[in-house]
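Note: the block below is structure_24.pdb and it holds PDB, C-alpha atoms and all ligand atoms.
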ATOM      1  CA  MET A  30       0.000   0.000   0.000
ATOM      2  CA  ARG A  31       2.835   2.369   0.749
ATOM      3  CA  GLY A  32       4.078   1.992  -2.821
ATOM      4  CA  MET A  33       0.611   2.749  -4.182
ATOM      5  CA  LYS A  34       0.402   5.953  -2.140
ATOM      6  CA  ALA A  35       3.748   7.090  -3.469
ATOM      7  CA  VAL A  36       2.557   6.578  -7.038
ATOM      8  CA  LEU A  37      -0.621   8.547  -6.386
ATOM      9  CA  ALA A  38       1.336  11.403  -4.812
ATOM     10  CA  VAL A  39       3.576  11.621  -7.858
ATOM     11  CA  GLY A  40       0.508  11.594 -10.104
ATOM     12  CA  VAL A  41      -1.048  14.515  -8.276
ATOM     13  CA  PHE A  42       2.197  16.445  -8.414
ATOM     14  CA  LEU A  43       2.503  15.886 -12.166
ATOM     15  CA  SER A  44      -1.077  17.015 -12.709
ATOM     16  CA  PHE A  45      -0.341  20.339 -11.078
ATOM     17  CA  ALA A  46       2.899  20.633 -12.989
ATOM     18  CA  GLY A  47       0.944  20.094 -16.199
ATOM     19  CA  VAL A  48      -1.276  23.053 -15.413
ATOM     20  CA  ALA A  49       1.647  25.282 -14.543
ATOM     21  CA  PHE A  50       3.806  24.481 -17.565
ATOM     22  CA  ALA A  51       3.003  24.137 -21.228
ATOM     23  CA  GLY A  52       2.201  20.708 -22.608
ATOM     24  CA  LYS A  53       2.624  19.488 -26.160
ATOM     25  CA  LEU A  54      -0.088  21.534 -27.840
ATOM     26  CA  GLU A  55       0.600  24.905 -29.407
ATOM     27  CA  ASN A  56      -1.614  27.916 -28.955
ATOM     28  CA  SER A  57      -3.245  25.976 -26.141
ATOM     29  CA  SER A  58      -5.007  29.043 -24.743
ATOM     30  CA  PHE A  59      -6.140  30.277 -28.176
ATOM     31  CA  GLU A  60      -4.211  33.535 -27.764
ATOM     32  CA  ILE A  61      -2.166  33.543 -30.992
ATOM     33  CA  ASP A  62      -3.620  35.527 -33.877
ATOM     34  CA  PHE A  63      -5.220  33.705 -36.738
ATOM     35  CA  GLY A  64      -3.265  33.659 -39.940
ATOM     36  CA  ASP A  65      -1.556  31.295 -42.283
ATOM     37  CA  ARG A  66      -0.186  28.308 -40.477
ATOM     38  CA  ALA A  67       3.023  26.881 -41.847
ATOM     39  CA  SER A  68       2.809  23.936 -39.509
ATOM     40  CA  LEU A  69       0.025  21.410 -39.184
ATOM     41  CA  SER A  70       0.820  21.160 -35.526
ATOM     42  CA  MET A  71      -0.977  24.408 -34.703
ATOM     43  CA  TRP A  72      -4.708  24.869 -34.522
ATOM     44  CA  GLY A  73      -6.812  27.913 -34.755
ATOM     45  CA  GLY A  74      -7.353  29.137 -38.215
ATOM     46  CA  TYR A  75      -5.931  27.207 -41.086
ATOM     47  CA  ARG A  76      -6.768  23.604 -41.887
ATOM     48  CA  GLU A  77      -7.224  22.696 -38.240
ATOM     49  CA  ALA A  78     -10.640  24.297 -37.839
ATOM     50  CA  TRP A  79     -13.745  23.183 -39.615
ATOM     51  CA  GLY A  80     -17.320  24.363 -39.615
ATOM     52  CA  GLU A  81     -18.222  27.158 -37.222
ATOM     53  CA  ALA A  82     -15.207  27.199 -34.888
ATOM     54  CA  TYR A  83     -13.577  30.514 -34.081
ATOM     55  CA  GLN A  84     -10.969  32.011 -31.813
ATOM     56  CA  VAL A  85     -12.612  35.094 -30.288
ATOM     57  CA  ASN A  86     -11.999  37.833 -27.728
ATOM     58  CA  ALA A  87     -13.610  37.721 -24.299
ATOM     59  CA  GLY A  88     -16.347  40.221 -23.558
ATOM     60  CA  ARG A  89     -17.257  40.976 -27.158
ATOM     61  CA  ALA A  90     -20.646  40.456 -28.763
ATOM     62  CA  ASN A  91     -22.547  37.826 -26.744
ATOM     63  CA  TYR A  92     -19.413  35.983 -25.691
ATOM     64  CA  VAL A  93     -18.631  35.068 -22.095
ATOM     65  CA  GLU A  94     -16.968  37.877 -20.164
ATOM     66  CA  ARG A  95     -13.619  36.333 -19.252
ATOM     67  CA  ALA A  96     -11.205  33.876 -20.709
ATOM     68  CA  LEU A  97      -9.845  31.279 -18.308
ATOM     69  CA  THR A  98      -6.394  32.679 -19.091
ATOM     70  CA  GLY A  99      -5.444  35.459 -21.489
ATOM     71  CA  GLU A 100      -7.924  37.417 -23.562
ATOM     72  CA  ARG A 101      -9.294  34.850 -25.984
ATOM     73  CA  PHE A 102     -10.872  31.432 -26.241
ATOM     74  CA  LEU A 103     -12.450  29.077 -28.694
ATOM     75  CA  LEU A 104     -16.101  29.506 -29.686
ATOM     76  CA  ILE A 105     -17.903  26.656 -31.426
ATOM     77  CA  ASN A 106     -21.279  27.305 -33.028
ATOM     78  CA  VAL A 107     -23.526  24.492 -34.191
ATOM     79  CA  PRO A 108     -25.756  25.176 -37.211
ATOM     80  CA  PRO A 109     -28.553  22.602 -37.568
ATOM     81  CA  ALA A 110     -27.258  19.110 -38.368
ATOM     82  CA  SER A 111     -23.550  19.980 -38.352
ATOM     83  CA  TRP A 112     -20.239  19.098 -36.722
ATOM     84  CA  ASN A 113     -17.696  21.806 -35.952
ATOM     85  CA  GLY A 114     -14.400  22.101 -34.139
ATOM     86  CA  VAL A 115     -10.624  22.317 -34.118
ATOM     87  CA  TRP A 116      -7.850  19.753 -34.062
ATOM     88  CA  GLN A 117      -4.124  19.547 -33.580
ATOM     89  CA  GLN A 118      -1.911  16.579 -34.400
ATOM     90  CA  VAL A 119       1.098  15.678 -32.260
ATOM     91  CA  SER A 120       3.680  12.904 -32.623
ATOM     92  CA  TRP A 121       3.109  10.102 -30.124
ATOM     93  CA  GLY A 122       4.316   6.571 -29.559
ATOM     94  CA  GLU A 123       2.383   3.304 -29.628
ATOM     95  CA  LYS A 124       1.088   1.798 -26.407
ATOM     96  CA  GLN A 125       1.832   5.075 -24.650
ATOM     97  CA  PRO A 126      -0.417   6.816 -22.135
ATOM     98  CA  TYR A 127      -1.935  10.157 -22.978
ATOM     99  CA  LEU A 128      -3.753  12.662 -20.796
ATOM    100  CA  TRP A 129      -5.112  15.984 -21.871
ATOM    101  CA  GLU A 130      -7.417  18.540 -20.361
ATOM    102  CA  ALA A 131      -9.460  21.522 -21.445
ATOM    103  CA  PHE A 132     -11.966  23.847 -19.841
ATOM    104  CA  TYR A 133     -15.412  24.611 -21.228
ATOM    105  CA  GLN A 134     -18.397  26.826 -20.690
ATOM    106  CA  ILE A 135     -21.922  26.320 -21.968
ATOM    107  CA  LYS A 136     -24.261  29.267 -21.528
ATOM    108  CA  GLY A 137     -27.834  30.177 -22.354
ATOM    109  CA  GLY A 138     -29.331  27.029 -20.814
ATOM    110  CA  ASP A 139     -28.670  23.364 -21.446
ATOM    111  CA  LEU A 140     -28.018  22.365 -25.035
ATOM    112  CA  PRO A 141     -30.756  20.379 -26.803
ATOM    113  CA  ASP A 142     -30.648  16.626 -26.135
ATOM    114  CA  ASN A 143     -29.334  15.980 -29.628
ATOM    115  CA  CYS A 144     -26.515  18.549 -29.364
ATOM    116  CA  SER A 145     -23.283  18.273 -27.372
ATOM    117  CA  THR A 146     -19.668  19.346 -27.148
ATOM    118  CA  PHE A 147     -16.821  17.078 -26.131
ATOM    119  CA  MET A 148     -13.148  16.201 -26.339
ATOM    120  CA  LYS A 149     -12.012  13.574 -28.811
ATOM    121  CA  VAL A 150      -8.770  11.904 -29.886
ATOM    122  CA  GLU A 151      -7.885  10.056 -33.066
ATOM    123  CA  PHE A 152      -4.841   7.804 -33.450
ATOM    124  CA  TYR A 153      -2.796   7.742 -36.659
ATOM    125  CA  ASP A 154       0.029   5.558 -37.881
ATOM    126  CA  GLY A 155       3.171   6.739 -39.672
ATOM    127  CA  HIS A 156       1.275   6.948 -42.971
ATOM    128  CA  ASP A 157      -1.419   9.156 -41.467
ATOM    129  CA  ILE A 158      -3.930   6.334 -41.609
ATOM    130  CA  GLN A 159      -6.407   6.447 -38.769
ATOM    131  CA  LEU A 160      -6.153   3.513 -36.380
ATOM    132  CA  GLY A 161      -8.987   4.394 -34.063
ATOM    133  CA  SER A 162     -10.521   7.086 -31.914
ATOM    134  CA  ALA A 163     -11.968   7.788 -28.498
ATOM    135  CA  VAL A 164     -14.392  10.377 -27.223
ATOM    136  CA  GLY A 165     -14.742  12.062 -23.856
ATOM    137  CA  GLU A 166     -17.890  12.773 -21.919
ATOM    138  CA  MET A 167     -20.560  14.499 -24.005
ATOM    139  CA  ARG A 168     -21.323  17.883 -22.436
ATOM    140  CA  ARG A 169     -24.600  19.743 -22.752
ATOM    141  CA  THR A 170     -25.346  21.197 -19.312
ATOM    142  CA  ASP A 171     -25.229  24.962 -18.716
ATOM    143  CA  THR A 172     -22.095  25.705 -16.655
ATOM    144  CA  LYS A 173     -23.595  28.829 -15.021
ATOM    145  CA  GLY A 174     -20.743  31.130 -15.929
ATOM    146  CA  VAL A 175     -17.936  28.899 -14.673
ATOM    147  CA  TRP A 176     -15.075  27.340 -16.642
ATOM    148  CA  VAL A 177     -15.366  23.592 -16.016
ATOM    149  CA  ARG A 178     -12.396  21.261 -16.312
ATOM    150  CA  ASP A 179     -12.729  18.320 -18.664
ATOM    151  CA  SER A 180     -10.127  15.668 -19.447
ATOM    152  CA  MET A 181      -9.452  12.490 -21.373
ATOM    153  CA  LYS A 182      -6.886   9.792 -20.835
ATOM    154  CA  GLY A 183      -6.003   6.433 -22.226
ATOM    155  CA  VAL A 184      -3.309   4.429 -23.967
ATOM    156  CA  THR A 185      -2.516   4.617 -27.670
ATOM    157  CA  PRO A 186      -3.082   1.515 -29.846
ATOM    158  CA  VAL A 187      -0.324  -0.506 -31.463
ATOM    159  CA  GLY A 188       1.146   1.305 -34.466
ATOM    160  CA  THR A 189       0.346   4.813 -33.256
ATOM    161  CA  ALA A 190       2.679   7.539 -34.529
ATOM    162  CA  ALA A 191       0.483  10.568 -33.793
ATOM    163  CA  ILE A 192      -2.557  11.679 -31.839
ATOM    164  CA  ARG A 193      -5.004  14.188 -33.187
ATOM    165  CA  PHE A 194      -6.502  16.176 -30.292
ATOM    166  CA  ILE A 195      -9.969  17.481 -31.125
ATOM    167  CA  LEU A 196     -12.496  19.834 -29.555
ATOM    168  CA  ILE A 197     -15.829  19.340 -31.234
ATOM    169  CA  ALA A 198     -19.505  20.295 -31.018
ATOM    170  CA  GLY A 199     -22.392  19.119 -33.110
ATOM    171  CA  GLY A 200     -25.457  17.068 -33.705
ATOM    172  CA  ASN A 201     -28.445  19.368 -33.389
ATOM    173  CA  GLU A 202     -30.438  17.529 -36.014
ATOM    174  CA  GLY A 203     -33.384  19.606 -37.118
ATOM    175  CA  GLY A 204     -32.827  22.216 -34.429
ATOM    176  CA  GLU A 205     -32.154  25.917 -34.562
ATOM    177  CA  GLY A 206     -28.545  27.055 -34.762
ATOM    178  CA  ILE A 207     -26.643  27.085 -31.449
ATOM    179  CA  LEU A 208     -24.825  30.436 -31.494
ATOM    180  CA  ASP A 209     -22.391  31.988 -28.980
ATOM    181  CA  ARG A 210     -23.103  29.330 -26.340
ATOM    182  CA  ILE A 211     -20.181  26.838 -26.415
ATOM    183  CA  TYR A 212     -16.647  27.853 -25.358
ATOM    184  CA  TRP A 213     -13.312  26.152 -24.688
ATOM    185  CA  ASP A 214     -10.037  27.495 -23.309
ATOM    186  CA  ASP A 215      -6.674  26.149 -22.111
ATOM    187  CA  ALA A 216      -6.615  22.825 -23.917
ATOM    188  CA  ASP A 217      -3.336  20.992 -23.502
ATOM    189  CA  THR A 218      -1.682  17.690 -22.779
ATOM    190  CA  VAL A 219      -0.695  17.005 -19.180
ATOM    191  CA  GLU A 220       2.587  15.232 -18.555
TER     192      GLU A 220
HETATM  193 CA    CA A 301      -7.211  31.868 -23.517
END
Could I get this structure in the form of structure tokens?
Amino acid sequence: MRGMKAVLAVGVFLSFAGVAFAGKLENSSFEIDFGDRASLSMWGGYREAWGEAYQVNAGRANYVERALTGERFLLINVPPASWNGVWQQVSWGEKQPYLWEAFYQIKGGDLPDNCSTFMKVEFYDGHDIQLGSAVGEMRRTDTKGVWVRDSMKGVTPVGTAAIRFILIAGGNEGGEGILDRIYWDDADTVE
């Protein structure tokens, strides 16, 4: 039992360290200006965003008042029957653990039953062929103005050479567009 406690203590320490220091993702707090991206390893504006996903400034328009850190965050809108989000691909080994976290807000009431936002990962081999994927908890409950921590962890499958880290929102079949209600900030791996 003593050994187990030591392992847990180290785990807690590393979790805090992961919050304090940058992980493997770039632009993890969505603070870097949009623009052409020379590297596929950076999300935000070019090739790594699809649908209605935007990096926006806190306190503007109908956005939430404060970013978790910095001045900006990710906004994901969901037009009827659509999927939208951002992704970032990072080199990773096979059979290796991964842990990443992000913080979200949902405002304006709970999302419709058929609409949600969540974290997702996809595993790719050295030829960029997808080996599999995993999804986090589907979120749709109003967070009442608070940034809520979310996380995902697991172990990569055999053959993995990269993980694609994804923040996504969608569904909403036949509904009205979900606008200015889903936000994410500070998404990064934790080591
Ligand atoms: Ca931020």
| request: Enumerate as number ranges by chain the residues within 8 Å of ligand CA 301 (chain A), counting all atoms listed in the file. | output: A: 57-60, 96-103, 214-215
Just to be explicit: take each residue in the selection above, keep C-alpha atoms, and write the result as a PDB file, in the coordinates of the input.
ATOM      1  CA  SER A  57      -3.245  25.976 -26.141  1.00  0.00           C
ATOM      2  CA  SER A  58      -5.007  29.043 -24.743  1.00  0.00           C
ATOM      3  CA  PHE A  59      -6.140  30.277 -28.176  1.00  0.00           C
ATOM      4  CA  GLU A  60      -4.211  33.535 -27.764  1.00  0.00           C
ATOM      5  CA  ALA A  96     -11.205  33.876 -20.709  1.00  0.00           C
ATOM      6  CA  LEU A  97      -9.845  31.279 -18.308  1.00  0.00           C
ATOM      7  CA  THR A  98      -6.394  32.679 -19.091  1.00  0.00           C
ATOM      8  CA  GLY A  99      -5.444  35.459 -21.489  1.00  0.00           C
ATOM      9  CA  GLU A 100      -7.924  37.417 -23.562  1.00  0.00           C
ATOM     10  CA  ARG A 101      -9.294  34.850 -25.984  1.00  0.00           C
ATOM     11  CA  PHE A 102     -10.872  31.432 -26.241  1.00  0.00           C
ATOM     12  CA  LEU A 103     -12.450  29.077 -28.694  1.00  0.00           C
ATOM     13  CA  ASP A 214     -10.037  27.495 -23.309  1.00  0.00           C
ATOM     14  CA  ASP A 215      -6.674  26.149 -22.111  1.00  0.00           C
TER      15      ASP A 215
END
| task | Give me, please, the distance in Å between CA of Glu94 in chain A and CA of Ala110 in chain A, quoted to one decimal. | result |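 CA of Ala110 in chain A lies at a distance of 28.1 Å from CA of Glu94 in chain A.
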| message | I'd like to see the residues matched by the PyMOL selection byres (((chain A and resi 107) around 8) and not hetatm) on this file, and ideally I'd get them as a ChimeraX atom specification. | response | /A:81,105-106,108-113,198-201,206-208
| Counting only C-alpha atoms, what is within 12 Å of Val175 in chain A, bar same-chain residues fewer than 5 positions away, as an NGL selection string? | :A and (93-97 or 132-136 or 170 or 212-214)
| Between CA of Glu202 in chain A and CA of Ala163 in chain A, what is the spacing in Å? |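 CA of Ala163 in chain A sits 22.2 Å away from CA of Glu202 in chain A.
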| message | For a test of reading the model, state the distance in Å between CA of Ser145 in chain A and CA of Ala87 in chain A, rounded to one decimal. | response |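 Interatomic distance, CA of Ser145 in chain A to CA of Ala87 in chain A: 21.9 Å.
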| said: Need to verify the contact set: Asp157 in chain A, 9 Å, all atoms listed in the file, exclusion of same-chain residues closer than 4 positions in sequence. Can you return it as a VMD selection string? | reply: chain A and resid 152 to 153 190 to 191
Axis-aligned box over every listed atom of range 112-126 of chain A, padded by 8 Å per side: centre and edges in Å to one decimal, as JSON?
{"center_x": -8.0, "center_y": 12.1, "center_z": -29.4, "size_x": 40.6, "size_y": 36.5, "size_z": 30.6}
| task | Can you work out which one of A:Glu123, A:Glu130, A:Asp217, A:Asp179 has the shortest atom-to-atom distance to Thr146 in chain A, counting only C-alpha atoms? | result |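 When distances to Thr146 in chain A are compared using only C-alpha atoms, the smallest one comes from A:Asp179.
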